[in-house]
Each structure stands twice: as C-alpha cells, then as structure tokens.
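*Asks:* File model06.cif below, mmCIF, N, CA and C atoms:
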```cif
data_protein
#
loop_
_atom_site.label_atom_id
_atom_site.label_comp_id
_atom_site.auth_asym_id
_atom_site.auth_seq_id
_atom_site.Cartn_x
_atom_site.Cartn_y
_atom_site.Cartn_z
N MET T 4 0.82 -1.20 0.00
CA MET T 4 0.00 0.00 0.00
C MET T 4 0.86 1.26 0.00
N GLU T 5 2.02 1.17 0.62
CA GLU T 5 2.90 2.34 0.67
C GLU T 5 3.38 2.73 -0.73
N ILE T 6 3.66 1.74 -1.56
CA ILE T 6 4.10 2.04 -2.93
C ILE T 6 2.98 2.75 -3.69
N LEU T 7 1.76 2.24 -3.57
CA LEU T 7 0.62 2.89 -4.23
C LEU T 7 0.45 4.32 -3.73
N ALA T 8 0.56 4.52 -2.43
CA ALA T 8 0.42 5.87 -1.87
C ALA T 8 1.49 6.80 -2.43
N ASN T 9 2.74 6.32 -2.48
CA ASN T 9 3.83 7.14 -3.01
C ASN T 9 3.62 7.48 -4.48
N VAL T 10 3.14 6.52 -5.26
CA VAL T 10 2.86 6.77 -6.68
C VAL T 10 1.77 7.83 -6.82
N LEU T 11 0.71 7.70 -6.03
CA LEU T 11 -0.37 8.68 -6.11
C LEU T 11 0.10 10.07 -5.69
N VAL T 12 0.89 10.15 -4.64
CA VAL T 12 1.43 11.45 -4.22
C VAL T 12 2.29 12.03 -5.34
N GLY T 13 3.12 11.19 -5.96
CA GLY T 13 3.95 11.66 -7.08
C GLY T 13 3.11 12.15 -8.25
N LEU T 14 2.02 11.46 -8.53
CA LEU T 14 1.14 11.89 -9.63
C LEU T 14 0.45 13.22 -9.31
N ILE T 15 0.05 13.40 -8.06
CA ILE T 15 -0.57 14.67 -7.67
C ILE T 15 0.46 15.80 -7.76
N ALA T 16 1.70 15.52 -7.34
CA ALA T 16 2.76 16.53 -7.47
C ALA T 16 2.97 16.88 -8.94
N ALA T 17 3.01 15.86 -9.80
CA ALA T 17 3.20 16.11 -11.24
C ALA T 17 2.03 16.91 -11.81
N LEU T 18 0.81 16.62 -11.37
CA LEU T 18 -0.35 17.38 -11.82
C LEU T 18 -0.20 18.85 -11.47
N HIS T 19 0.31 19.13 -10.27
CA HIS T 19 0.45 20.52 -9.86
C HIS T 19 1.63 21.22 -10.55
N VAL T 20 2.63 20.47 -10.94
CA VAL T 20 3.69 21.06 -11.77
C VAL T 20 3.10 21.41 -13.14
N TYR T 21 2.27 20.53 -13.68
CA TYR T 21 1.61 20.80 -14.96
C TYR T 21 0.75 22.06 -14.86
N ILE T 22 -0.01 22.18 -13.78
CA ILE T 22 -0.85 23.37 -13.59
C ILE T 22 0.02 24.61 -13.49
N LEU T 23 1.14 24.51 -12.77
CA LEU T 23 2.08 25.64 -12.68
C LEU T 23 2.52 26.08 -14.07
N VAL T 24 2.94 25.14 -14.89
CA VAL T 24 3.40 25.47 -16.25
C VAL T 24 2.26 26.09 -17.06
N LEU T 25 1.09 25.49 -16.97
CA LEU T 25 -0.05 26.01 -17.72
C LEU T 25 -0.39 27.44 -17.30
N GLU T 26 -0.40 27.70 -16.00
CA GLU T 26 -0.82 29.01 -15.52
C GLU T 26 0.27 30.07 -15.57
N MET T 27 1.51 29.67 -15.40
CA MET T 27 2.60 30.66 -15.37
C MET T 27 3.25 30.87 -16.73
N LEU T 28 3.30 29.83 -17.55
CA LEU T 28 4.05 29.92 -18.81
C LEU T 28 3.19 29.85 -20.06
N LEU T 29 2.09 29.15 -20.00
CA LEU T 29 1.29 28.91 -21.22
C LEU T 29 -0.05 29.61 -21.21
N TRP T 30 -0.32 30.42 -20.21
CA TRP T 30 -1.63 31.06 -20.06
C TRP T 30 -2.04 31.86 -21.30
N GLN T 31 -1.10 32.61 -21.85
CA GLN T 31 -1.41 33.47 -23.00
C GLN T 31 -1.07 32.80 -24.34
N LYS T 32 -0.72 31.54 -24.29
CA LYS T 32 -0.41 30.79 -25.50
C LYS T 32 -1.56 29.82 -25.78
N GLY T 33 -1.49 29.17 -26.90
CA GLY T 33 -2.56 28.28 -27.33
C GLY T 33 -3.04 27.29 -26.28
N PRO T 34 -2.15 26.51 -25.67
CA PRO T 34 -2.63 25.50 -24.70
C PRO T 34 -3.41 26.11 -23.53
N GLY T 35 -2.91 27.20 -22.99
CA GLY T 35 -3.58 27.83 -21.86
C GLY T 35 -4.93 28.42 -22.24
N MET T 36 -4.97 29.10 -23.38
CA MET T 36 -6.23 29.71 -23.81
C MET T 36 -7.27 28.65 -24.19
N ARG T 37 -6.82 27.58 -24.84
CA ARG T 37 -7.76 26.51 -25.20
C ARG T 37 -8.30 25.81 -23.95
N PHE T 38 -7.42 25.58 -22.99
CA PHE T 38 -7.82 24.86 -21.77
C PHE T 38 -8.94 25.60 -21.06
N HIS T 39 -8.84 26.92 -21.01
CA HIS T 39 -9.84 27.72 -20.29
C HIS T 39 -10.87 28.36 -21.20
N GLY T 40 -10.71 28.24 -22.50
CA GLY T 40 -11.65 28.83 -23.43
C GLY T 40 -11.57 30.35 -23.49
N PHE T 41 -10.38 30.89 -23.22
CA PHE T 41 -10.18 32.34 -23.22
C PHE T 41 -9.73 32.82 -24.58
N ASP T 42 -10.12 34.05 -24.92
CA ASP T 42 -9.53 34.69 -26.08
C ASP T 42 -8.24 35.40 -25.63
N ALA T 43 -7.49 35.92 -26.58
CA ALA T 43 -6.18 36.52 -26.28
C ALA T 43 -6.30 37.69 -25.31
N GLU T 44 -7.34 38.49 -25.45
CA GLU T 44 -7.49 39.66 -24.58
C GLU T 44 -7.78 39.26 -23.13
N LEU T 45 -8.67 38.31 -22.95
CA LEU T 45 -8.98 37.86 -21.59
C LEU T 45 -7.76 37.17 -20.97
N ALA T 46 -7.05 36.39 -21.76
CA ALA T 46 -5.84 35.75 -21.25
C ALA T 46 -4.81 36.79 -20.83
N ARG T 47 -4.66 37.85 -21.62
CA ARG T 47 -3.70 38.91 -21.27
C ARG T 47 -4.10 39.60 -19.97
N ARG T 48 -5.38 39.91 -19.83
CA ARG T 48 -5.84 40.63 -18.64
C ARG T 48 -5.77 39.78 -17.38
N THR T 49 -5.92 38.48 -17.51
CA THR T 49 -5.93 37.61 -16.33
C THR T 49 -4.59 36.93 -16.07
N ALA T 50 -3.61 37.18 -16.91
CA ALA T 50 -2.30 36.52 -16.76
C ALA T 50 -1.66 36.74 -15.38
N PRO T 51 -1.69 37.95 -14.81
CA PRO T 51 -1.10 38.10 -13.47
C PRO T 51 -1.79 37.24 -12.41
N LEU T 52 -3.10 37.12 -12.51
CA LEU T 52 -3.82 36.26 -11.56
C LEU T 52 -3.45 34.80 -11.77
N ALA T 53 -3.38 34.40 -13.01
CA ALA T 53 -3.02 33.01 -13.32
C ALA T 53 -1.61 32.69 -12.86
N GLY T 54 -0.70 33.63 -13.04
CA GLY T 54 0.67 33.42 -12.58
C GLY T 54 0.73 33.21 -11.08
N ASN T 55 -0.06 33.97 -10.34
CA ASN T 55 -0.11 33.83 -8.90
C ASN T 55 -0.67 32.45 -8.52
N GLN T 56 -1.72 32.04 -9.19
CA GLN T 56 -2.29 30.71 -8.95
C GLN T 56 -1.26 29.63 -9.27
N GLY T 57 -0.55 29.80 -10.36
CA GLY T 57 0.47 28.82 -10.75
C GLY T 57 1.55 28.69 -9.70
N LEU T 58 1.95 29.81 -9.14
CA LEU T 58 2.97 29.79 -8.09
C LEU T 58 2.49 28.97 -6.89
N TYR T 59 1.25 29.16 -6.49
CA TYR T 59 0.71 28.37 -5.38
C TYR T 59 0.66 26.89 -5.71
N ASN T 60 0.34 26.56 -6.94
CA ASN T 60 0.35 25.16 -7.35
C ASN T 60 1.76 24.59 -7.29
N GLY T 61 2.75 25.42 -7.61
CA GLY T 61 4.14 24.99 -7.47
C GLY T 61 4.51 24.71 -6.03
N PHE T 62 4.01 25.53 -5.12
CA PHE T 62 4.27 25.29 -3.70
C PHE T 62 3.65 23.97 -3.25
N LEU T 63 2.45 23.67 -3.74
CA LEU T 63 1.83 22.38 -3.41
C LEU T 63 2.68 21.23 -3.93
N ALA T 64 3.14 21.34 -5.16
CA ALA T 64 3.98 20.28 -5.74
C ALA T 64 5.27 20.12 -4.93
N ALA T 65 5.90 21.24 -4.58
CA ALA T 65 7.15 21.17 -3.80
C ALA T 65 6.91 20.51 -2.45
N GLY T 66 5.82 20.84 -1.81
CA GLY T 66 5.51 20.22 -0.52
C GLY T 66 5.28 18.73 -0.63
N LEU T 67 4.63 18.31 -1.70
CA LEU T 67 4.39 16.88 -1.90
C LEU T 67 5.68 16.14 -2.19
N VAL T 68 6.56 16.73 -2.97
CA VAL T 68 7.86 16.11 -3.23
C VAL T 68 8.66 16.03 -1.94
N TRP T 69 8.63 17.10 -1.16
CA TRP T 69 9.29 17.08 0.15
C TRP T 69 8.75 15.92 0.99
N GLY T 70 7.43 15.74 0.97
CA GLY T 70 6.83 14.64 1.71
C GLY T 70 7.29 13.28 1.24
N LEU T 71 7.59 13.17 -0.05
CA LEU T 71 8.07 11.88 -0.58
C LEU T 71 9.52 11.60 -0.20
N VAL T 72 10.33 12.63 -0.08
CA VAL T 72 11.76 12.40 0.15
C VAL T 72 12.16 12.52 1.62
N ALA T 73 11.37 13.20 2.43
CA ALA T 73 11.72 13.37 3.84
C ALA T 73 11.44 12.07 4.59
N PRO T 74 12.28 11.76 5.57
CA PRO T 74 12.01 10.57 6.38
C PRO T 74 10.79 10.80 7.27
N ASP T 75 10.17 9.71 7.67
CA ASP T 75 9.04 9.81 8.60
C ASP T 75 9.55 10.17 9.99
N PRO T 76 8.81 10.87 10.78
CA PRO T 76 7.41 11.22 10.59
C PRO T 76 7.20 12.49 9.75
N THR T 77 8.26 13.22 9.44
CA THR T 77 8.12 14.47 8.69
C THR T 77 7.50 14.22 7.32
N GLY T 78 7.97 13.20 6.59
CA GLY T 78 7.45 12.93 5.26
C GLY T 78 5.96 12.64 5.27
N PHE T 79 5.54 11.80 6.20
CA PHE T 79 4.12 11.47 6.33
C PHE T 79 3.31 12.72 6.63
N ARG T 80 3.77 13.50 7.58
CA ARG T 80 3.03 14.71 7.97
C ARG T 80 2.96 15.72 6.83
N ALA T 81 4.05 15.86 6.09
CA ALA T 81 4.05 16.79 4.95
C ALA T 81 3.07 16.31 3.88
N GLN T 82 3.05 15.02 3.62
CA GLN T 82 2.11 14.49 2.62
C GLN T 82 0.67 14.75 3.05
N VAL T 83 0.36 14.48 4.31
CA VAL T 83 -1.01 14.69 4.79
C VAL T 83 -1.37 16.18 4.70
N PHE T 84 -0.47 17.04 5.14
CA PHE T 84 -0.76 18.48 5.11
C PHE T 84 -0.97 18.97 3.68
N PHE T 85 -0.03 18.67 2.78
CA PHE T 85 -0.13 19.22 1.43
C PHE T 85 -1.25 18.57 0.62
N LEU T 86 -1.53 17.30 0.84
CA LEU T 86 -2.68 16.69 0.17
C LEU T 86 -3.98 17.30 0.70
N SER T 87 -4.04 17.60 1.97
CA SER T 87 -5.22 18.28 2.52
C SER T 87 -5.39 19.64 1.88
N CYS T 88 -4.29 20.35 1.68
CA CYS T 88 -4.34 21.65 0.98
C CYS T 88 -4.86 21.49 -0.44
N VAL T 89 -4.41 20.45 -1.12
CA VAL T 89 -4.87 20.17 -2.49
C VAL T 89 -6.39 19.96 -2.49
N VAL T 90 -6.88 19.17 -1.55
CA VAL T 90 -8.31 18.89 -1.49
C VAL T 90 -9.10 20.16 -1.21
N VAL T 91 -8.66 20.93 -0.23
CA VAL T 91 -9.36 22.18 0.11
C VAL T 91 -9.35 23.14 -1.09
N ALA T 92 -8.19 23.29 -1.73
CA ALA T 92 -8.10 24.17 -2.90
C ALA T 92 -9.00 23.68 -4.02
N GLY T 93 -9.07 22.38 -4.21
CA GLY T 93 -9.93 21.82 -5.25
C GLY T 93 -11.40 22.03 -4.98
N VAL T 94 -11.81 21.86 -3.73
CA VAL T 94 -13.22 22.09 -3.37
C VAL T 94 -13.55 23.57 -3.53
N TYR T 95 -12.67 24.44 -3.06
CA TYR T 95 -12.91 25.87 -3.19
C TYR T 95 -12.99 26.28 -4.67
N GLY T 96 -12.07 25.76 -5.47
CA GLY T 96 -12.09 26.05 -6.90
C GLY T 96 -13.36 25.55 -7.57
N ALA T 97 -13.84 24.39 -7.15
CA ALA T 97 -15.06 23.85 -7.73
C ALA T 97 -16.27 24.71 -7.38
N VAL T 98 -16.28 25.24 -6.17
CA VAL T 98 -17.40 26.07 -5.73
C VAL T 98 -17.36 27.46 -6.37
N THR T 99 -16.16 28.02 -6.51
CA THR T 99 -16.05 29.41 -6.94
C THR T 99 -15.71 29.60 -8.41
N ALA T 100 -15.12 28.61 -9.05
CA ALA T 100 -14.64 28.82 -10.42
C ALA T 100 -15.27 27.86 -11.43
N ASN T 101 -15.04 26.56 -11.23
CA ASN T 101 -15.49 25.59 -12.22
C ASN T 101 -15.67 24.24 -11.53
N ARG T 102 -16.83 23.65 -11.68
CA ARG T 102 -17.14 22.39 -11.02
C ARG T 102 -16.18 21.25 -11.38
N ARG T 103 -15.61 21.30 -12.57
CA ARG T 103 -14.73 20.20 -12.99
C ARG T 103 -13.45 20.14 -12.14
N ILE T 104 -13.12 21.22 -11.44
CA ILE T 104 -11.95 21.22 -10.56
C ILE T 104 -12.13 20.19 -9.44
N LEU T 105 -13.36 19.94 -9.06
CA LEU T 105 -13.62 18.93 -8.04
C LEU T 105 -13.09 17.57 -8.49
N PHE T 106 -13.27 17.26 -9.76
CA PHE T 106 -12.86 15.95 -10.28
C PHE T 106 -11.41 15.94 -10.76
N ALA T 107 -10.90 17.09 -11.14
CA ALA T 107 -9.53 17.17 -11.65
C ALA T 107 -8.50 17.36 -10.55
N GLN T 108 -8.90 17.94 -9.41
CA GLN T 108 -7.95 18.26 -8.36
C GLN T 108 -8.36 17.67 -7.01
N ALA T 109 -9.57 17.96 -6.55
CA ALA T 109 -9.97 17.55 -5.20
C ALA T 109 -10.09 16.03 -5.08
N LEU T 110 -10.75 15.40 -6.01
CA LEU T 110 -10.94 13.95 -5.93
C LEU T 110 -9.61 13.19 -6.00
N PRO T 111 -8.74 13.48 -6.98
CA PRO T 111 -7.44 12.79 -6.98
C PRO T 111 -6.65 13.05 -5.69
N GLY T 112 -6.70 14.28 -5.19
CA GLY T 112 -6.01 14.58 -3.94
C GLY T 112 -6.57 13.80 -2.78
N ALA T 113 -7.89 13.67 -2.73
CA ALA T 113 -8.54 12.90 -1.66
C ALA T 113 -8.19 11.42 -1.74
N LEU T 114 -8.13 10.89 -2.96
CA LEU T 114 -7.74 9.48 -3.12
C LEU T 114 -6.30 9.25 -2.68
N ALA T 115 -5.42 10.16 -3.05
CA ALA T 115 -4.03 10.04 -2.60
C ALA T 115 -3.92 10.18 -1.09
N LEU T 116 -4.68 11.09 -0.51
CA LEU T 116 -4.67 11.27 0.94
C LEU T 116 -5.17 9.99 1.63
N ALA T 117 -6.23 9.41 1.12
CA ALA T 117 -6.75 8.16 1.68
C ALA T 117 -5.69 7.05 1.60
N ALA T 118 -4.97 6.99 0.49
CA ALA T 118 -3.94 5.96 0.33
C ALA T 118 -2.79 6.19 1.31
N VAL T 119 -2.40 7.45 1.49
CA VAL T 119 -1.32 7.76 2.44
C VAL T 119 -1.75 7.36 3.85
N LEU T 120 -2.97 7.70 4.22
CA LEU T 120 -3.45 7.36 5.56
C LEU T 120 -3.59 5.85 5.74
N ALA T 121 -4.06 5.16 4.71
CA ALA T 121 -4.21 3.70 4.79
C ALA T 121 -2.86 3.00 4.86
N ALA T 122 -1.84 3.58 4.25
CA ALA T 122 -0.51 2.97 4.24
C ALA T 122 0.17 3.11 5.59
N ARG T 123 -0.31 3.98 6.40
CA ARG T 123 0.31 4.26 7.71
C ARG T 123 0.11 3.11 8.61
#
```
For this file, write the structure as structure tokens.
*Replies:*
Amino acid sequence: MEILANVLVGLIAALHVYILVLEMLLWQKGPGMRFHGFDAELARRTAPLAGNQGLYNGFLAAGLVWGLVAPDPTGFRAQVFFLSCVVVAGVYGAVTANRRILFAQALPGALALAAVLAAR
C-alpha cells in the first residue's frame, strides 16, 4: 500500500507542476487559452492572476515532493498536510470557479490522501 500511496502522491505533485506550467508559462499561448476557453485579450488581462495561482500550485507540488523524500514522521506529515491543501483548494475552486476542478484536483487529492493514511 505504501508504494501505491507514493505513486499517487507523485502523480498529484506532477499534476500541480503541470498546472504551474499552464498558468505561469502557457496562459497566453494556445494551450492555456484553449484549456480555459479564453480569447487573447482575456488571457492577457488575467495573466497576473493566473501566474499567482500557478505559483501556489508549485508550492503544493514542492511540498508533496518534500513529503516523498523526507524521512518519517516528517514525510508522512508533509504528505497529509499538502494533500489536505490540495483537497481544500480543489473544493474551493469547484465552488467558486469551475465544477470540474472537483474531479480534476480535489478527488485525486482525496484518493491520494486516503492511500497515504491507509498505508500508515
């Protein structure tokens, strides 16, 4: 179970690195605009907000990687904390921005959190 938990934590970290790249680097380019359905003007006007969001996603990814490499109990605690942050951010995003965030971020984070707790 520990291997499965570590794989899921790694996948969630990779997802948040992808979100960082999308929001910080590709927001005003084709992939970012297509993903959100924005035209060039809306992407330009919202780019600073997206960059800020991307930075926070990078912090989540860094915390999850830290949780994978740190020895226990620190690694376990970091994984639980940062996965909890992922779930909360996903639920908040689903309520305030787009319902699909619940399935793209909160649900995978919750599954990884459940696996981490079960592996303990």
*Asks:* Suppose you want the space between atom C of Leu18 in chain T and CA of Pro51 in chain T; what is it in Å?
*Replies:*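 So the answer is 19.4 Å.
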*Asks:* May I ask which of the residues T:Leu14, T:Val119, T:Ile22, T:Met4 is the closest one to Gly57 in chain T, counting only C-alpha atoms?
*Replies:*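 For Gly57 in chain T, the nearest of the given residues is T:Ile22.
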*Asks:* Dump as a Markdown table the rows for residues of range 12-47 of chain T within 12 Å of range 104-115 of chain T: closest atom pair and distance in Å with one decimal, only C-alpha atoms counted, ordered by chain and rising residue number.
*Replies:*
```
| residue | atom | partner | partner_atom | distance |
| --- | --- | --- | --- | --- |
| T:Val12 | CA | T:Ala115 | CA | 5.9 |
| T:Gly13 | CA | T:Ala115 | CA | 9.3 |
| T:Leu14 | CA | T:Ala115 | CA | 8.9 |
| T:Ile15 | CA | T:Gly112 | CA | 6.6 |
| T:Ala16 | CA | T:Gly112 | CA | 9.7 |
| T:Ala17 | CA | T:Gln108 | CA | 11.7 |
| T:Leu18 | CA | T:Gln108 | CA | 8.4 |
| T:His19 | CA | T:Gln108 | CA | 8.8 |
| T:Tyr21 | CA | T:Gln108 | CA | 11.9 |
| T:Ile22 | CA | T:Gln108 | CA | 10.2 |
| T:His39 | CA | T:Ile104 | CA | 11.9 |
```
*Asks:* Identify which of the residues T:Pro34, T:Gly54, T:Gly40, T:Gly70 lies closest to Leu86 in chain T, counting only C-alpha atoms when measuring atom-to-atom distances.
*Replies:*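 Of T:Pro34, T:Gly54, T:Gly40, T:Gly70, the one nearest Leu86 in chain T is T:Gly70, counting only C-alpha atoms.
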*Asks:* What is the distance between atom C of Gly33 in chain T and atom C of Phe85 in chain T, in Å to one decimal?
*Replies:*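 Value for the atom C of Gly33 in chain T-atom C of Phe85 in chain T distance: 28.3 Å.
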*Asks:* Let me know the centre plus edge lengths, in Å and rounded to one decimal, of a box with edges along x, y and z that contains all listed atoms of range 105-117 of chain T and is padded by 5 Å on every side, as AutoDock Vina command-line options.
*Replies:*
```
--center_x -8.8 --center_y 13.5 --center_z -5.0 --size_x 19.7 --size_y 22.9 --size_z 23.3
```
*Asks:* Can you work out which one of T:Ala73, T:Leu116, T:Arg102, T:Tyr59 has the shortest atom-to-atom distance to Ser87 in chain T, counting only N, CA and C atoms?
*Replies:*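 Looking at the shortest contact to Ser87 in chain T, the residue is T:Leu116.
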*Asks:* Please evaluate the PyMOL selection byres ((chain T and resi 5) around 8) against the structure above and give the resulting residues as a list of chain:residue names.
*Replies:*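 Given this file, the PyMOL selection byres ((chain T and resi 5) around 8) evaluates to T:Met4, T:Ile6, T:Leu7, T:Ala8, T:Asn9, T:Val10, T:Leu11, T:Ala118, T:Val119, T:Ala121, T:Ala122, T:Arg123.
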*Asks:* From chain T, collect each residue whose DSSP state is alpha helix (DSSP H) and return the set as a ChimeraX atom specification.
*Replies:* /T:5-27,33-39,43-72,77-99,103-104,110-122
*Asks:* Do you know which residues are at most 8 Å from Gly66 in chain T counting all atoms listed in the file, after dropping those on the same chain fewer than 5 positions away, and could you put them as an MDAnalysis selection string?
*Replies:* chainID T and resid 16 60:61 71:72 81:82 84:86
*Asks:* Calculate how many Å separate CA of Glu44 in chain T from atom C of Tyr95 in chain T, rounding to one decimal.
*Replies:*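 One can read the CA of Glu44 in chain T to atom C of Tyr95 in chain T distance as 24.6 Å.
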*Asks:* Using only N, CA and C atoms, which of the listed residues (T:Val68, T:Arg47, T:Ala97, T:Asn55) sits closest to Gln31 in chain T?
*Replies:*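 Looking only at the distances to Gln31 in chain T, the closest residue turns out to be T:Arg47.
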*Asks:* Every residue with an atom at most 12 Å from (-0.6, 37.6, -19.8) (file coordinates; only C-alpha atoms) is what I'm after, so could you write them as a VMD selection string?
*Replies:* chain T and resid 25 to 32 35 to 36 41 to 55
